>>> print(open('my_file-v2.cif').read())   # mmCIF, C-alpha atoms
data_model
#
loop_
_atom_site.group_PDB
_atom_site.id
_atom_site.type_symbol
_atom_site.label_atom_id
_atom_site.label_comp_id
_atom_site.auth_asym_id
_atom_site.auth_seq_id
_atom_site.Cartn_x
_atom_site.Cartn_y
_atom_site.Cartn_z
ATOM 1 C CA MET A 1 -48.603 46.288 -21.025
ATOM 2 C CA GLU A 2 -47.859 48.796 -23.758
ATOM 3 C CA LYS A 3 -49.610 47.460 -26.840
ATOM 4 C CA ASN A 4 -47.260 49.186 -29.281
ATOM 5 C CA GLN A 5 -45.507 45.890 -29.950
ATOM 6 C CA ALA A 6 -46.957 42.697 -31.400
ATOM 7 C CA TYR A 7 -48.033 40.105 -28.885
ATOM 8 C CA VAL A 8 -49.740 36.730 -28.678
ATOM 9 C CA GLU A 9 -52.375 36.251 -25.989
ATOM 10 C CA ILE A 10 -52.276 32.837 -24.328
ATOM 11 C CA LYS A 11 -54.911 32.259 -21.665
ATOM 12 C CA GLY A 12 -55.170 35.989 -21.110
ATOM 13 C CA ILE A 13 -51.402 36.593 -20.863
ATOM 14 C CA PRO A 14 -49.901 38.797 -23.612
ATOM 15 C CA PHE A 15 -46.548 37.361 -24.708
ATOM 16 C CA VAL A 16 -44.418 39.671 -26.841
ATOM 17 C CA LYS A 17 -44.014 38.320 -30.363
ATOM 18 C CA ILE A 18 -40.332 39.000 -30.637
ATOM 19 C CA ASN A 19 -37.003 37.200 -30.607
ATOM 20 C CA ASN A 20 -34.220 37.612 -28.066
ATOM 21 C CA GLN A 21 -32.062 39.993 -30.070
ATOM 22 C CA GLN A 22 -34.979 42.231 -31.019
ATOM 23 C CA LEU A 23 -36.117 42.382 -27.418
ATOM 24 C CA LEU A 24 -32.689 43.475 -26.233
ATOM 25 C CA HIS A 25 -31.524 45.792 -29.002
ATOM 26 C CA ASP A 26 -34.849 47.346 -30.022
ATOM 27 C CA HIS A 27 -36.521 47.566 -26.621
ATOM 28 C CA LEU A 28 -34.656 46.852 -23.399
ATOM 29 C CA TYR A 29 -31.267 48.425 -24.144
ATOM 30 C CA PRO A 30 -32.813 51.636 -25.543
ATOM 31 C CA GLY A 31 -35.223 51.742 -22.590
ATOM 32 C CA ILE A 32 -32.375 51.448 -20.096
ATOM 33 C CA GLU A 33 -30.368 54.123 -21.880
ATOM 34 C CA ALA A 34 -33.392 56.457 -21.933
ATOM 35 C CA LYS A 35 -33.880 55.781 -18.198
ATOM 36 C CA LYS A 36 -37.389 54.454 -18.653
ATOM 37 C CA LYS A 37 -39.131 52.290 -16.102
ATOM 38 C CA LEU A 38 -39.664 48.764 -17.450
ATOM 39 C CA PHE A 39 -41.302 45.663 -15.973
ATOM 40 C CA VAL A 40 -40.189 42.370 -17.535
ATOM 41 C CA VAL A 41 -41.910 39.063 -16.751
ATOM 42 C CA THR A 42 -40.337 35.734 -17.723
ATOM 43 C CA ALA A 43 -43.353 33.436 -17.896
ATOM 44 C CA ASN A 44 -43.501 29.663 -18.286
ATOM 45 C CA PRO A 45 -46.562 27.354 -18.232
ATOM 46 C CA GLU A 46 -46.468 27.243 -14.417
ATOM 47 C CA ILE A 47 -46.878 31.005 -14.249
ATOM 48 C CA VAL A 48 -49.666 31.004 -16.826
ATOM 49 C CA MET A 49 -51.572 28.360 -14.869
ATOM 50 C CA ALA A 50 -50.992 30.214 -11.592
ATOM 51 C CA ALA A 51 -52.490 33.328 -13.187
ATOM 52 C CA GLU A 52 -55.461 31.229 -14.285
ATOM 53 C CA GLU A 53 -56.258 30.647 -10.613
ATOM 54 C CA ASP A 54 -55.335 34.111 -9.306
ATOM 55 C CA GLU A 55 -57.084 36.984 -11.077
ATOM 56 C CA ASP A 56 -55.030 39.631 -9.274
ATOM 57 C CA TYR A 57 -51.832 37.948 -10.425
ATOM 58 C CA LYS A 58 -53.157 37.731 -13.970
ATOM 59 C CA GLN A 59 -53.862 41.464 -13.984
ATOM 60 C CA ILE A 60 -50.318 42.163 -12.793
ATOM 61 C CA LEU A 61 -48.903 40.132 -15.695
ATOM 62 C CA GLN A 62 -51.215 41.916 -18.124
ATOM 63 C CA LYS A 63 -49.851 45.272 -16.945
ATOM 64 C CA ALA A 64 -46.192 44.307 -17.396
ATOM 65 C CA ASP A 65 -44.301 46.011 -20.211
ATOM 66 C CA TYR A 66 -42.883 42.753 -21.565
ATOM 67 C CA VAL A 67 -43.987 39.179 -20.907
ATOM 68 C CA ILE A 68 -41.565 36.767 -22.556
ATOM 69 C CA ALA A 69 -41.913 33.043 -23.259
ATOM 70 C CA ASP A 70 -39.512 31.483 -20.755
ATOM 71 C CA GLY A 71 -40.498 27.902 -21.450
ATOM 72 C CA ILE A 72 -40.782 25.778 -24.576
ATOM 73 C CA GLY A 73 -44.297 24.861 -23.438
ATOM 74 C CA VAL A 74 -45.432 28.440 -24.051
ATOM 75 C CA VAL A 75 -43.937 28.383 -27.547
ATOM 76 C CA LEU A 76 -45.692 25.065 -28.224
ATOM 77 C CA GLY A 77 -48.935 26.532 -26.935
ATOM 78 C CA SER A 78 -48.601 29.482 -29.316
ATOM 79 C CA LYS A 79 -48.197 27.065 -32.216
ATOM 80 C CA LEU A 80 -51.298 25.149 -31.163
ATOM 81 C CA ILE A 81 -53.380 28.323 -31.392
ATOM 82 C CA ARG A 82 -51.721 29.116 -34.746
ATOM 83 C CA GLN A 83 -50.061 32.301 -33.514
ATOM 84 C CA PRO A 84 -46.484 31.054 -33.192
ATOM 85 C CA LEU A 85 -43.993 32.941 -31.076
ATOM 86 C CA PRO A 86 -40.527 33.254 -32.704
ATOM 87 C CA GLU A 87 -38.599 31.450 -29.977
ATOM 88 C CA ARG A 88 -38.174 30.709 -26.322
ATOM 89 C CA ILE A 89 -36.357 33.458 -24.440
ATOM 90 C CA ALA A 90 -34.770 31.886 -21.360
ATOM 91 C CA GLY A 91 -34.990 34.146 -18.330
ATOM 92 C CA TYR A 92 -31.535 33.132 -17.095
ATOM 93 C CA ASP A 93 -29.960 33.979 -20.441
ATOM 94 C CA LEU A 94 -31.789 37.309 -20.592
ATOM 95 C CA MET A 95 -30.551 38.214 -17.124
ATOM 96 C CA TYR A 96 -27.000 37.298 -18.138
ATOM 97 C CA GLN A 97 -27.233 39.522 -21.229
ATOM 98 C CA LEU A 98 -28.508 42.394 -19.110
ATOM 99 C CA LEU A 99 -25.566 41.910 -16.756
ATOM 100 C CA GLU A 100 -23.264 42.122 -19.783
ATOM 101 C CA LYS A 101 -24.957 45.397 -20.711
ATOM 102 C CA ALA A 102 -24.534 46.638 -17.140
ATOM 103 C CA ASN A 103 -20.867 45.686 -17.251
ATOM 104 C CA HIS A 104 -20.334 47.497 -20.551
ATOM 105 C CA ASP A 105 -22.059 50.678 -19.409
ATOM 106 C CA GLY A 106 -21.136 50.651 -15.722
ATOM 107 C CA LEU A 107 -24.777 50.384 -14.647
ATOM 108 C CA ARG A 108 -26.047 50.063 -11.089
ATOM 109 C CA CYS A 109 -27.658 46.712 -10.197
ATOM 110 C CA TYR A 110 -29.689 45.665 -7.176
ATOM 111 C CA PHE A 111 -30.140 41.988 -6.303
ATOM 112 C CA LEU A 112 -33.161 40.974 -4.252
ATOM 113 C CA GLY A 113 -33.937 37.394 -3.252
ATOM 114 C CA ALA A 114 -32.564 33.956 -2.288
ATOM 115 C CA LYS A 115 -30.861 32.951 0.942
ATOM 116 C CA GLN A 116 -28.147 35.287 2.155
ATOM 117 C CA ASP A 117 -25.307 32.828 1.530
ATOM 118 C CA VAL A 118 -26.588 32.084 -1.979
ATOM 119 C CA LEU A 119 -26.934 35.795 -2.697
ATOM 120 C CA ASN A 120 -23.430 36.525 -1.404
ATOM 121 C CA LYS A 121 -21.912 33.791 -3.580
ATOM 122 C CA ALA A 122 -23.895 34.930 -6.624
ATOM 123 C CA MET A 123 -22.736 38.523 -6.209
ATOM 124 C CA ALA A 124 -19.136 37.429 -5.716
ATOM 125 C CA ASN A 125 -19.285 35.506 -9.005
ATOM 126 C CA ILE A 126 -21.035 38.393 -10.743
ATOM 127 C CA LYS A 127 -18.298 40.779 -9.633
ATOM 128 C CA ILE A 128 -15.643 38.454 -11.056
ATOM 129 C CA LYS A 129 -17.402 38.036 -14.409
ATOM 130 C CA PHE A 130 -18.670 41.615 -14.681
ATOM 131 C CA PRO A 131 -16.143 43.823 -12.855
ATOM 132 C CA ASN A 132 -17.388 47.093 -14.340
ATOM 133 C CA LEU A 133 -21.016 46.900 -13.227
ATOM 134 C CA VAL A 134 -21.887 48.469 -9.889
ATOM 135 C CA ILE A 135 -23.524 46.304 -7.228
ATOM 136 C CA ALA A 136 -25.664 49.092 -5.818
ATOM 137 C CA GLY A 137 -27.192 46.907 -3.113
ATOM 138 C CA SER A 138 -28.804 43.619 -2.179
ATOM 139 C CA HIS A 139 -31.276 42.006 0.202
ATOM 140 C CA HIS A 140 -32.110 38.364 0.887
ATOM 141 C CA GLY A 141 -35.513 37.028 -0.071
ATOM 142 C CA TYR A 142 -36.778 36.119 3.395
ATOM 143 C CA PHE A 143 -38.963 39.083 4.267
ATOM 144 C CA ASP A 144 -42.614 40.118 4.155
ATOM 145 C CA ILE A 145 -43.193 41.312 0.580
ATOM 146 C CA ASN A 146 -45.446 44.036 1.990
ATOM 147 C CA ASP A 147 -42.566 45.436 4.044
ATOM 148 C CA ALA A 148 -42.140 48.902 2.530
ATOM 149 C CA SER A 149 -38.684 49.364 4.095
ATOM 150 C CA VAL A 150 -37.130 46.916 1.611
ATOM 151 C CA ALA A 151 -38.415 48.921 -1.349
ATOM 152 C CA GLN A 152 -37.145 52.089 0.305
ATOM 153 C CA ASP A 153 -33.722 50.492 0.664
ATOM 154 C CA VAL A 154 -33.739 49.597 -3.033
ATOM 155 C CA LYS A 155 -34.769 53.125 -3.993
ATOM 156 C CA LYS A 156 -31.942 54.694 -1.990
ATOM 157 C CA THR A 157 -29.388 52.893 -4.153
ATOM 158 C CA ASP A 158 -30.697 54.513 -7.373
ATOM 159 C CA PRO A 159 -30.469 51.292 -9.425
ATOM 160 C CA ASP A 160 -30.636 50.972 -13.202
ATOM 161 C CA LEU A 161 -31.500 47.254 -13.004
ATOM 162 C CA VAL A 162 -33.383 45.447 -10.238
ATOM 163 C CA PHE A 163 -33.345 41.636 -10.342
ATOM 164 C CA VAL A 164 -35.982 40.103 -8.067
ATOM 165 C CA GLY A 165 -35.569 36.410 -7.247
ATOM 166 C CA LEU A 166 -38.505 35.731 -4.930
ATOM 167 C CA GLY A 167 -40.145 33.072 -7.075
ATOM 168 C CA PHE A 168 -43.545 33.537 -8.658
ATOM 169 C CA PRO A 169 -45.994 35.037 -7.854
ATOM 170 C CA ASN A 170 -44.197 36.987 -5.113
ATOM 171 C CA GLN A 171 -41.547 38.534 -7.335
ATOM 172 C CA GLU A 172 -44.079 39.968 -9.794
ATOM 173 C CA LYS A 173 -46.364 41.072 -6.964
ATOM 174 C CA TRP A 174 -43.449 42.832 -5.245
ATOM 175 C CA ILE A 175 -42.470 44.654 -8.437
ATOM 176 C CA HIS A 176 -46.068 45.683 -9.140
ATOM 177 C CA GLU A 177 -46.628 46.856 -5.563
ATOM 178 C CA HIS A 178 -43.464 48.922 -5.206
ATOM 179 C CA SER A 179 -42.222 50.005 -8.642
ATOM 180 C CA ASN A 180 -44.459 53.093 -8.514
ATOM 181 C CA GLN A 181 -41.922 54.519 -6.050
ATOM 182 C CA PHE A 182 -39.301 54.569 -8.809
ATOM 183 C CA SER A 183 -38.996 56.966 -11.714
ATOM 184 C CA GLN A 184 -36.734 54.688 -13.775
ATOM 185 C CA GLY A 185 -35.125 51.282 -13.857
ATOM 186 C CA LEU A 186 -35.655 47.847 -15.367
ATOM 187 C CA PHE A 187 -37.386 45.440 -12.963
ATOM 188 C CA MET A 188 -37.296 41.735 -13.736
ATOM 189 C CA GLY A 189 -38.383 38.627 -11.855
ATOM 190 C CA VAL A 190 -35.608 36.037 -12.123
ATOM 191 C CA GLY A 191 -36.901 33.069 -10.092
ATOM 192 C CA GLY A 192 -34.041 30.824 -9.011
ATOM 193 C CA SER A 193 -31.390 32.456 -11.204
ATOM 194 C CA PHE A 194 -29.305 33.484 -8.192
ATOM 195 C CA ASP A 195 -28.792 29.788 -7.426
ATOM 196 C CA GLY A 196 -27.409 29.364 -10.942
ATOM 197 C CA LEU A 197 -25.181 32.430 -10.693
ATOM 198 C CA ALA A 198 -23.916 31.170 -7.333
ATOM 199 C CA GLY A 199 -22.971 27.863 -8.969
ATOM 200 C CA TYR A 200 -25.334 25.792 -6.822
ATOM 201 C CA VAL A 201 -27.604 24.830 -9.729
ATOM 202 C CA LYS A 202 -26.063 24.011 -13.100
ATOM 203 C CA ARG A 203 -27.665 24.803 -16.445
ATOM 204 C CA ALA A 204 -28.350 22.002 -18.870
ATOM 205 C CA PRO A 205 -25.610 21.392 -21.479
ATOM 206 C CA LYS A 206 -25.976 23.469 -24.648
ATOM 207 C CA SER A 207 -27.010 20.388 -26.597
ATOM 208 C CA TRP A 208 -29.985 19.889 -24.281
ATOM 209 C CA GLN A 209 -30.889 23.570 -24.529
ATOM 210 C CA LYS A 210 -30.849 23.466 -28.335
ATOM 211 C CA LEU A 211 -33.185 20.456 -28.274
ATOM 212 C CA ASN A 212 -35.537 22.388 -25.967
ATOM 213 C CA ILE A 213 -35.346 19.692 -23.281
ATOM 214 C CA GLU A 214 -33.678 21.747 -20.570
ATOM 215 C CA TRP A 215 -36.765 21.028 -18.453
ATOM 216 C CA LEU A 216 -35.949 17.301 -18.615
ATOM 217 C CA TYR A 217 -32.372 17.901 -17.484
ATOM 218 C CA ARG A 218 -33.631 19.910 -14.498
ATOM 219 C CA LEU A 219 -36.096 17.160 -13.631
ATOM 220 C CA ILE A 220 -33.344 14.534 -13.726
ATOM 221 C CA LYS A 221 -31.117 16.687 -11.506
ATOM 222 C CA GLN A 222 -33.970 17.746 -9.211
ATOM 223 C CA PRO A 223 -36.573 14.924 -9.082
ATOM 224 C CA SER A 224 -38.503 16.885 -6.435
ATOM 225 C CA ARG A 225 -39.647 19.188 -9.255
ATOM 226 C CA TRP A 226 -41.941 16.503 -10.712
ATOM 227 C CA LYS A 227 -45.110 18.061 -9.282
ATOM 228 C CA ARG A 228 -44.227 21.395 -10.857
ATOM 229 C CA MET A 229 -43.580 19.682 -14.169
ATOM 230 C CA LEU A 230 -47.160 18.420 -14.205
ATOM 231 C CA GLN A 231 -48.231 21.972 -15.009
ATOM 232 C CA LEU A 232 -46.866 21.564 -18.547
ATOM 233 C CA PRO A 233 -49.284 18.815 -19.683
ATOM 234 C CA ARG A 234 -52.078 20.597 -17.786
ATOM 235 C CA PHE A 235 -51.251 23.807 -19.651
ATOM 236 C CA ILE A 236 -51.261 22.029 -23.040
ATOM 237 C CA TRP A 237 -54.550 20.317 -22.181
ATOM 238 C CA HIS A 238 -56.122 23.689 -21.396
ATOM 239 C CA ILE A 239 -54.906 25.050 -24.746
ATOM 240 C CA LEU A 240 -56.265 22.052 -26.669
ATOM 241 C CA ARG A 241 -59.557 22.116 -24.809
ATOM 242 C CA ARG A 242 -60.069 25.800 -25.534
ATOM 243 C CA LYS A 243 -59.088 25.235 -29.168
#
>>> encode(input="my_file-v2.cif", output="structure tokens")
Amino acid sequence: MEKNQAYVEIKGIPFVKINNQQLLHDHLYPGIEAKKKLFVVTANPEIVMAAEEDEDYKQILQKADYVIADGIGVVLGSKLIRQPLPERIAGYDLMYQLLEKANHDGLRCYFLGAKQDVLNKAMANIKIKFPNLVIAGSHHGYFDINDASVAQDVKKTDPDLVFVGLGFPNQEKWIHEHSNQFSQGLFMGVGGSFDGLAGYVKRAPKSWQKLNIEWLYRLIKQPSRWKRMLQLPRFIWHILRRK
């Protein structure tokens, strides 16, 4: 990571100490316009704990240009170590704002990940909402992440924005492994955001989001996520223990 911006280190992961608007208008938008190559990680407690157990993954996150707090648990953790982050920056919302930027400027976007039918539906909805952006290309997420031909296919489309929805840690590992083939472009892991854009998974109501309990809404709607949710108390326990 470039250390020219303030950051808060939580369990070895450097989270940018910045709010959503500053991130977009002072960093990402200018970087896109200058045709820089940027690697954005949207990290929640699950990702932090995964990095705790995978040193290679941790090093990939440490090398990203921007690691943002996509999870209220990370913000809470920053407060516990008395280095509070300004706010949670939801990965889905950040992706949506980048799509708005792409629509405004006619940028080229590549979508990588999810099942083919989900991806097709997501792109159809994106084209309706953002008719001026260019869908440069796409590929489903069911492939060997070491398959160099997929990265070559992405490169041929000359994208300005590459959204990678392979789930962690694969999406960050794919970006790290292959982004050296590109001279420019913003690369961002987006987890299950394609399911949301396709309309198959609904976001929590705004009232839930404002109360920072979107995680609870997702758990109610998807009870099978309960094991994943256990990473939040484990993450907080690790912070308290270290403190």
>>> resolve_selection(input="my_file-v2.cif", expression="the PyMOL selection byres ((chain A and resi 138) around 6)", output="MDAnalysis selection string")
chainID A and resid 110:112 137 139
>>> closest_residue(input="my_file-v2.cif", among="A:Ala198, A:Leu61, A:Leu240, A:Val40", to="Met95 in chain A", atoms="all atoms listed in the file")
A:Val40
>>> closest_atom_pairs(input="my_file-v2.cif", of="range 140-211 of chain A", to="range 48-53 of chain A", cutoff="12 Å", atoms="all atoms listed in the file", output="tab-separated table")
residue	atom	partner	partner_atom	distance
A:Phe168	CA	A:Ala50	CA	8.7
A:Pro169	CA	A:Ala50	CA	7.9
A:Asn170	CA	A:Ala50	CA	11.6
A:Glu172	CA	A:Ala51	CA	11.2
A:Lys173	CA	A:Ala51	CA	11.7
>>> resolve_selection(input="my_file-v2.cif", expression="the PyMOL selection byres ((chain A and resi 143) around 12)", output="list of chain:residue names")
A:Leu112, A:Gly113, A:Ala114, A:Lys115, A:Gln116, A:His139, A:His140, A:Gly141, A:Tyr142, A:Asp144, A:Ile145, A:Asn146, A:Asp147, A:Ala148, A:Ser149, A:Val150, A:Ala151, A:Leu166, A:Asn170, A:Gln171, A:Trp174
>>> residues_around(input="my_file-v2.cif", residues="Glu9 in chain A", least_positions_apart="4", cutoff="9 Å", atoms="all atoms listed in the file", output="list in words")
Ile13, Pro14, Phe15, Val16, Ser78 and Gln83 of chain A
>>> closest_residue(input="my_file-v2.cif", among="A:Ile60, A:Ala136, A:Ile18, A:Ala34", to="Val162 in chain A", atoms="all atoms listed in the file")
A:Ala136
>>> closest_residue(input="my_file-v2.cif", among="A:Ser179, A:Asn44, A:Thr157, A:Gln21", to="Ala64 in chain A", atoms="only C-alpha atoms")
A:Ser179
>>> resolve_selection(input="my_file-v2.cif", expression="the PyMOL selection byres ((chain A and resi 182-187) around 8)", output="list in words")
Ile32, Lys35, Lys36, Lys37, Leu38, Phe39, Val40, Lys155, Pro159, Asp160, Leu161, Val162, Phe163, Val164, Ile175, His178, Ser179, Asn180, Gln181, Met188 and Gly189 of chain A
>>> atom_distance(input="my_file-v2.cif", atom1="CA of Lys11 in chain A", atom2="CA of Val74 in chain A")
10.5 Å
>>> residues_near_point(input="my_file-v2.cif", point="(-20.4, 44.3, -14.5)", cutoff="6 Å", atoms="only C-alpha atoms", output="MDAnalysis selection string")
chainID A and resid 102:103 130:133
>>> atom_distance(input="my_file-v2.cif", atom1="CA of Asp195 in chain A", atom2="CA of Tyr66 in chain A")
23.8 Å
>>> atom_distance(input="my_file-v2.cif", atom1="CA of Pro45 in chain A", atom2="CA of His238 in chain A")
10.7 Å
>>> closest_residue(input="my_file-v2.cif", among="A:Lys58, A:Arg88, A:Lys101, A:Lys63", to="Pro30 in chain A", atoms="all atoms listed in the file")
A:Lys101
>>> axis_aligned_box(input="my_file-v2.cif", around="range 103-120 of chain A", padding_each_side="5 Å", output="lines of an AutoDock Vina configuration file")
center_x = -27.1
center_y = 41.4
center_z = -9.2
size_x = 23.6
size_y = 28.6
size_z = 32.7
>>> residues_around(input="my_file-v2.cif", residues="Val75 in chain A", least_positions_apart="2", cutoff="9 Å", atoms="all atoms listed in the file", output="short mmCIF file (atom, residue, chain, number, x, y, z; two decimals) with C-alpha atoms, keeping the file's coordinate frame")
data_model
loop_
_atom_site.label_atom_id
_atom_site.label_comp_id
_atom_site.auth_asym_id
_atom_site.auth_seq_id
_atom_site.Cartn_x
_atom_site.Cartn_y
_atom_site.Cartn_z
CA ALA A 69 -41.91 33.04 -23.26
CA ASP A 70 -39.51 31.48 -20.76
CA GLY A 71 -40.50 27.90 -21.45
CA ILE A 72 -40.78 25.78 -24.58
CA GLY A 73 -44.30 24.86 -23.44
CA GLY A 77 -48.94 26.53 -26.94
CA SER A 78 -48.60 29.48 -29.32
CA LYS A 79 -48.20 27.06 -32.22
CA LEU A 80 -51.30 25.15 -31.16
CA PRO A 84 -46.48 31.05 -33.19
CA LEU A 85 -43.99 32.94 -31.08
CA PRO A 86 -40.53 33.25 -32.70
CA GLU A 87 -38.60 31.45 -29.98
CA ARG A 88 -38.17 30.71 -26.32
#
>>> closest_residue(input="my_file-v2.cif", among="A:His176, A:Arg108, A:His27, A:Arg82", to="Val41 in chain A", atoms="all atoms listed in the file")
A:His176
>>> build_atoms(input="my_file-v2.cif", residues="range 119-131 of chain A", atoms="N, CA, C and O atoms", output="PDB file, keeping the file's coordinate frame")
ATOM      1  N   LEU A 119     -27.039  34.451  -2.125  1.00  0.00           N
ATOM      2  CA  LEU A 119     -26.934  35.795  -2.697  1.00  0.00           C
ATOM      3  C   LEU A 119     -25.499  36.297  -2.654  1.00  0.00           C
ATOM      4  O   LEU A 119     -24.995  36.871  -3.633  1.00  0.00           O
ATOM      5  N   ASN A 120     -24.824  36.086  -1.536  1.00  0.00           N
ATOM      6  CA  ASN A 120     -23.430  36.525  -1.404  1.00  0.00           C
ATOM      7  C   ASN A 120     -22.535  35.845  -2.441  1.00  0.00           C
ATOM      8  O   ASN A 120     -21.684  36.495  -3.066  1.00  0.00           O
ATOM      9  N   LYS A 121     -22.719  34.532  -2.615  1.00  0.00           N
ATOM     10  CA  LYS A 121     -21.912  33.791  -3.580  1.00  0.00           C
ATOM     11  C   LYS A 121     -22.221  34.247  -5.003  1.00  0.00           C
ATOM     12  O   LYS A 121     -21.308  34.412  -5.830  1.00  0.00           O
ATOM     13  N   ALA A 122     -23.506  34.469  -5.290  1.00  0.00           N
ATOM     14  CA  ALA A 122     -23.895  34.930  -6.624  1.00  0.00           C
ATOM     15  C   ALA A 122     -23.260  36.279  -6.937  1.00  0.00           C
ATOM     16  O   ALA A 122     -22.715  36.484  -8.029  1.00  0.00           O
ATOM     17  N   MET A 123     -23.306  37.191  -5.980  1.00  0.00           N
ATOM     18  CA  MET A 123     -22.736  38.523  -6.209  1.00  0.00           C
ATOM     19  C   MET A 123     -21.215  38.467  -6.340  1.00  0.00           C
ATOM     20  O   MET A 123     -20.626  39.226  -7.121  1.00  0.00           O
ATOM     21  N   ALA A 124     -20.592  37.575  -5.596  1.00  0.00           N
ATOM     22  CA  ALA A 124     -19.136  37.429  -5.716  1.00  0.00           C
ATOM     23  C   ALA A 124     -18.774  36.959  -7.121  1.00  0.00           C
ATOM     24  O   ALA A 124     -17.821  37.472  -7.738  1.00  0.00           O
ATOM     25  N   ASN A 125     -19.535  35.994  -7.648  1.00  0.00           N
ATOM     26  CA  ASN A 125     -19.285  35.506  -9.005  1.00  0.00           C
ATOM     27  C   ASN A 125     -19.599  36.568 -10.049  1.00  0.00           C
ATOM     28  O   ASN A 125     -18.891  36.681 -11.062  1.00  0.00           O
ATOM     29  N   ILE A 126     -20.667  37.316  -9.820  1.00  0.00           N
ATOM     30  CA  ILE A 126     -21.035  38.393 -10.743  1.00  0.00           C
ATOM     31  C   ILE A 126     -19.912  39.424 -10.812  1.00  0.00           C
ATOM     32  O   ILE A 126     -19.547  39.896 -11.893  1.00  0.00           O
ATOM     33  N   LYS A 127     -19.354  39.765  -9.668  1.00  0.00           N
ATOM     34  CA  LYS A 127     -18.298  40.779  -9.633  1.00  0.00           C
ATOM     35  C   LYS A 127     -17.047  40.306 -10.362  1.00  0.00           C
ATOM     36  O   LYS A 127     -16.322  41.116 -10.958  1.00  0.00           O
ATOM     37  N   ILE A 128     -16.796  38.992 -10.330  1.00  0.00           N
ATOM     38  CA  ILE A 128     -15.643  38.454 -11.056  1.00  0.00           C
ATOM     39  C   ILE A 128     -15.882  38.514 -12.567  1.00  0.00           C
ATOM     40  O   ILE A 128     -15.004  38.914 -13.333  1.00  0.00           O
ATOM     41  N   LYS A 129     -17.082  38.095 -12.985  1.00  0.00           N
ATOM     42  CA  LYS A 129     -17.402  38.036 -14.409  1.00  0.00           C
ATOM     43  C   LYS A 129     -17.691  39.411 -15.004  1.00  0.00           C
ATOM     44  O   LYS A 129     -17.440  39.649 -16.188  1.00  0.00           O
ATOM     45  N   PHE A 130     -18.243  40.301 -14.183  1.00  0.00           N
ATOM     46  CA  PHE A 130     -18.670  41.615 -14.681  1.00  0.00           C
ATOM     47  C   PHE A 130     -18.107  42.708 -13.776  1.00  0.00           C
ATOM     48  O   PHE A 130     -18.841  43.363 -13.030  1.00  0.00           O
ATOM     49  N   PRO A 131     -16.797  42.918 -13.821  1.00  0.00           N
ATOM     50  CA  PRO A 131     -16.143  43.823 -12.855  1.00  0.00           C
ATOM     51  C   PRO A 131     -16.535  45.285 -12.989  1.00  0.00           C
ATOM     52  O   PRO A 131     -16.344  46.063 -12.042  1.00  0.00           O
TER      53      PRO A 131
END
